[in-house]
Amino acid sequence: PERFARRILEHLDLRVDTVVGGDTLPERKPSPAPLLEALRRLGVAPGDAAMLGDGVQDLRAGKAAGVRTIAALWGFRSEAELRAEGADEYRLTPSGLEP
């Protein structure tokens, strides 16, 4: 939920430009609505964005939103499940993800 995400970010003293939680909109991933809302708030076009996710719902939302999809193979779901979704890119570790 958004309120918990904001509290965690505040506790960690992390500043982000926008937060869209699972309860922010009526629809949740794999709907593209949360991702598209975040992009709208940030003023970023889908073609200029990427969705990094460790779940099939992340990759499905990214594809539906028209953004590049990156499967985080170190995360929540198995590598086989994520590869079956057909992401644009696969990462074994978080290294190299810095801008």
# chains A, B, ... in the order shown; residues from 1 in each chain; ligands from 1
>>> residues_around(residues="Asp23 (chain A)", least_positions_apart="3", cutoff="12 Å", atoms="only C-alpha atoms", output="number ranges by chain")
A: 1-5, 19-20, 26-29, 33-34
>>> residues_around(residues="region 88-97 of chain A", least_positions_apart="5", cutoff="12 Å", atoms="only C-alpha atoms", output="list in words")
Ala50, Met51, Leu52, Gly53, Asp54, Leu59, Arg60, Gly62, Lys63, Gly66, Val67, Arg68, Thr69, Ile70, Ala71, Ala72, Leu73, Trp74, Gly75, Ser78, Glu79, Ala80, Leu82 and Arg83 of chain A
>>> write_last_selection(atoms="C-alpha atoms", output="PDB file, in the first residue's frame")
ATOM      1  CA  ALA A  50      11.648   0.534 -18.423  1.00  0.00           C
ATOM      2  CA  MET A  51       9.974  -1.763 -15.929  1.00  0.00           C
ATOM      3  CA  LEU A  52      12.384  -3.741 -13.787  1.00  0.00           C
ATOM      4  CA  GLY A  53      10.485  -6.514 -12.086  1.00  0.00           C
ATOM      5  CA  ASP A  54      10.907  -9.769 -10.244  1.00  0.00           C
ATOM      6  CA  LEU A  59       6.583  -7.857 -16.754  1.00  0.00           C
ATOM      7  CA  ARG A  60       2.967  -8.093 -17.900  1.00  0.00           C
ATOM      8  CA  GLY A  62       5.373  -3.273 -18.451  1.00  0.00           C
ATOM      9  CA  LYS A  63       4.489  -4.945 -21.734  1.00  0.00           C
ATOM     10  CA  GLY A  66       4.568  -0.247 -23.827  1.00  0.00           C
ATOM     11  CA  VAL A  67       7.788   0.066 -21.814  1.00  0.00           C
ATOM     12  CA  ARG A  68      10.972  -1.988 -22.024  1.00  0.00           C
ATOM     13  CA  THR A  69      10.813  -4.922 -19.598  1.00  0.00           C
ATOM     14  CA  ILE A  70      13.744  -6.157 -17.536  1.00  0.00           C
ATOM     15  CA  ALA A  71      13.403  -9.366 -15.527  1.00  0.00           C
ATOM     16  CA  ALA A  72      15.229  -9.327 -12.185  1.00  0.00           C
ATOM     17  CA  LEU A  73      16.290 -12.956 -11.930  1.00  0.00           C
ATOM     18  CA  TRP A  74      17.537 -12.529  -8.346  1.00  0.00           C
ATOM     19  CA  GLY A  75      14.095 -11.704  -7.005  1.00  0.00           C
ATOM     20  CA  SER A  78      11.984 -18.318 -10.464  1.00  0.00           C
ATOM     21  CA  GLU A  79      14.140 -17.703 -13.488  1.00  0.00           C
ATOM     22  CA  ALA A  80      12.033 -20.169 -15.514  1.00  0.00           C
ATOM     23  CA  LEU A  82      10.312 -14.946 -15.723  1.00  0.00           C
ATOM     24  CA  ARG A  83      11.916 -16.267 -18.891  1.00  0.00           C
TER      25      ARG A  83
END
>>> atom_distance(atom1="CA of Leu9 (chain A)", atom2="CA of Ala49 (chain A)")
21.9 Å
>>> closest_residue(among="A:Pro32, A:Gly43, A:Gly86, A:Gly55", to="Asp17 (chain A)", atoms="only C-alpha atoms")
A:Gly43
>>> select_by_dssp(residues="region 24-89 of chain A", states="helix (DSSP H, G or I)", output="number ranges by chain")
A: 33-42, 46-48, 56-65, 79-85
>>> select_by_dssp(residues="region 1-83 of chain A", states="strand (DSSP E or B)", output="PyMOL selection string")
chain A and resi 50-53+68-72
>>> write_last_selection(atoms="all heavy atoms", output="PDB file, in the first residue's frame")
ATOM      1  N   ALA A  50      11.481   1.981 -18.551  1.00  0.00           N
ATOM      2  CA  ALA A  50      11.648   0.534 -18.423  1.00  0.00           C
ATOM      3  C   ALA A  50      11.009   0.087 -17.124  1.00  0.00           C
ATOM      4  O   ALA A  50      10.939   0.843 -16.157  1.00  0.00           O
ATOM      5  CB  ALA A  50      13.125   0.154 -18.429  1.00  0.00           C
ATOM      6  N   MET A  51      10.532  -1.141 -17.128  1.00  0.00           N
ATOM      7  CA  MET A  51       9.974  -1.763 -15.929  1.00  0.00           C
ATOM      8  C   MET A  51      10.914  -2.873 -15.517  1.00  0.00           C
ATOM      9  O   MET A  51      11.091  -3.851 -16.255  1.00  0.00           O
ATOM     10  CB  MET A  51       8.578  -2.322 -16.209  1.00  0.00           C
ATOM     11  CG  MET A  51       7.981  -3.091 -15.053  1.00  0.00           C
ATOM     12  SD  MET A  51       7.755  -2.062 -13.616  1.00  0.00           S
ATOM     13  CE  MET A  51       6.249  -2.722 -12.971  1.00  0.00           C
ATOM     14  N   LEU A  52      11.540  -2.712 -14.362  1.00  0.00           N
ATOM     15  CA  LEU A  52      12.384  -3.741 -13.787  1.00  0.00           C
ATOM     16  C   LEU A  52      11.527  -4.489 -12.787  1.00  0.00           C
ATOM     17  O   LEU A  52      10.985  -3.879 -11.860  1.00  0.00           O
ATOM     18  CB  LEU A  52      13.590  -3.111 -13.084  1.00  0.00           C
ATOM     19  CG  LEU A  52      14.454  -4.050 -12.258  1.00  0.00           C
ATOM     20  CD1 LEU A  52      15.177  -5.043 -13.145  1.00  0.00           C
ATOM     21  CD2 LEU A  52      15.427  -3.256 -11.418  1.00  0.00           C
ATOM     22  N   GLY A  53      11.362  -5.780 -12.979  1.00  0.00           N
ATOM     23  CA  GLY A  53      10.485  -6.514 -12.086  1.00  0.00           C
ATOM     24  C   GLY A  53      10.961  -7.913 -11.799  1.00  0.00           C
ATOM     25  O   GLY A  53      11.654  -8.532 -12.605  1.00  0.00           O
ATOM     26  N   ARG A  68       9.990  -0.903 -21.980  1.00  0.00           N
ATOM     27  CA  ARG A  68      10.972  -1.988 -22.024  1.00  0.00           C
ATOM     28  C   ARG A  68      10.858  -2.777 -20.724  1.00  0.00           C
ATOM     29  O   ARG A  68      10.741  -2.198 -19.656  1.00  0.00           O
ATOM     30  CB  ARG A  68      12.366  -1.394 -22.188  1.00  0.00           C
ATOM     31  CG  ARG A  68      13.450  -2.407 -22.319  1.00  0.00           C
ATOM     32  CD  ARG A  68      14.748  -1.759 -22.812  1.00  0.00           C
ATOM     33  NE  ARG A  68      15.749  -2.771 -23.018  1.00  0.00           N
ATOM     34  CZ  ARG A  68      15.774  -3.630 -24.019  1.00  0.00           C
ATOM     35  NH1 ARG A  68      14.847  -3.592 -24.927  1.00  0.00           N
ATOM     36  NH2 ARG A  68      16.732  -4.534 -24.130  1.00  0.00           N
ATOM     37  N   THR A  69      10.922  -4.092 -20.797  1.00  0.00           N
ATOM     38  CA  THR A  69      10.813  -4.922 -19.598  1.00  0.00           C
ATOM     39  C   THR A  69      12.146  -5.591 -19.291  1.00  0.00           C
ATOM     40  O   THR A  69      12.813  -6.113 -20.182  1.00  0.00           O
ATOM     41  CB  THR A  69       9.722  -5.994 -19.748  1.00  0.00           C
ATOM     42  OG1 THR A  69       9.973  -6.770 -20.927  1.00  0.00           O
ATOM     43  CG2 THR A  69       8.340  -5.356 -19.836  1.00  0.00           C
ATOM     44  N   ILE A  70      12.505  -5.546 -18.006  1.00  0.00           N
ATOM     45  CA  ILE A  70      13.744  -6.157 -17.536  1.00  0.00           C
ATOM     46  C   ILE A  70      13.383  -7.102 -16.393  1.00  0.00           C
ATOM     47  O   ILE A  70      12.830  -6.674 -15.382  1.00  0.00           O
ATOM     48  CB  ILE A  70      14.745  -5.096 -17.046  1.00  0.00           C
ATOM     49  CG1 ILE A  70      15.021  -4.062 -18.144  1.00  0.00           C
ATOM     50  CG2 ILE A  70      16.043  -5.767 -16.579  1.00  0.00           C
ATOM     51  CD1 ILE A  70      15.797  -2.844 -17.666  1.00  0.00           C
ATOM     52  N   ALA A  71      13.696  -8.367 -16.552  1.00  0.00           N
ATOM     53  CA  ALA A  71      13.403  -9.366 -15.527  1.00  0.00           C
ATOM     54  C   ALA A  71      14.559  -9.436 -14.539  1.00  0.00           C
ATOM     55  O   ALA A  71      15.708  -9.659 -14.928  1.00  0.00           O
ATOM     56  CB  ALA A  71      13.177 -10.729 -16.165  1.00  0.00           C
ATOM     57  N   ALA A  72      14.246  -9.236 -13.269  1.00  0.00           N
ATOM     58  CA  ALA A  72      15.229  -9.327 -12.185  1.00  0.00           C
ATOM     59  C   ALA A  72      15.270 -10.782 -11.716  1.00  0.00           C
ATOM     60  O   ALA A  72      14.424 -11.216 -10.946  1.00  0.00           O
ATOM     61  CB  ALA A  72      14.839  -8.397 -11.049  1.00  0.00           C
TER      62      ALA A  72
END
>>> atom_distance(atom1="CA of Gln57 (chain A)", atom2="CA of Pro30 (chain A)")
4.5 Å
>>> closest_residue(among="A:Val16, A:Val56, A:Leu25, A:Ala65", to="Leu39 (chain A)", atoms="only C-alpha atoms")
A:Ala65
